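These notes concern the structure reproduced below.
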Amino acid sequence: MSEYECERGDENECESECENKKDKSLEFFKNLRDEFQGRMTVKFMLTQKVAKIDGGMLASYKISNLIAKVGKPHTIGESLIMPAVAIVLSTIKKQSPHEVTSVIPLSNSSVSRRIDEIAADVESQLVLKLLVNEFLL
């Protein structure tokens, strides 16, 4: 049992714990509040994980776009780019590359799917522009 909490169900012990804290300073209770508010919550941990995954997904789309622009095989993501990113992270940032590279999907099928999605998006944007703007042939 920590110095801040009473064990549930033992009212006598809880009352004595509360008696011990009634003369504590305001600073004690502010610290207690800050400690409580600063704890790791499930929501906070999930939010951090989602942010990493979203960042990894965005990086995957941007890298897939680059692969399409240079016309290289889709397998270059796994065979060259991911190892290069790992080297940069471990050498310059002194960071564990696995944490970053594990959330960036760059398999052959992922890159191919992203390139297809980007192409379909560009095509739909073009069609929309052509429908909105009047033009002469």
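Within each chain, counting starts at residue 1; across the structure tokens, chains are named A, B, ... in the order shown, with ligands numbered 1 upward in that order.
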Counting only C-alpha atoms, what is within 7 Å of segment 64-74 of chain A, bar same-chain residues fewer than 6 positions away, as a ChimeraX atom specification?
/A:108,111-112,114-115
In Å, how far is it from atom CA of Ala59 of chain A to atom CA of Ile104 of chain A?
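Between these atoms lies a distance of 6.5 Å.
You will find atom CA of Ser109 of chain A at 8.6 Å from atom CA of Thr75 of chain A.
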One decimal, in Å: what's the spacing between atom CA of Glu99 of chain A and atom CA of Ile87 of chain A?
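A separation of 13.1 Å between them.
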Would you give me, as a ChimeraX atom specification, the residues in segment 16-97 of chain A that DSSP reads as helix (DSSP H, G or I)?
/A:16-21,26-37,42-70,76-93,97
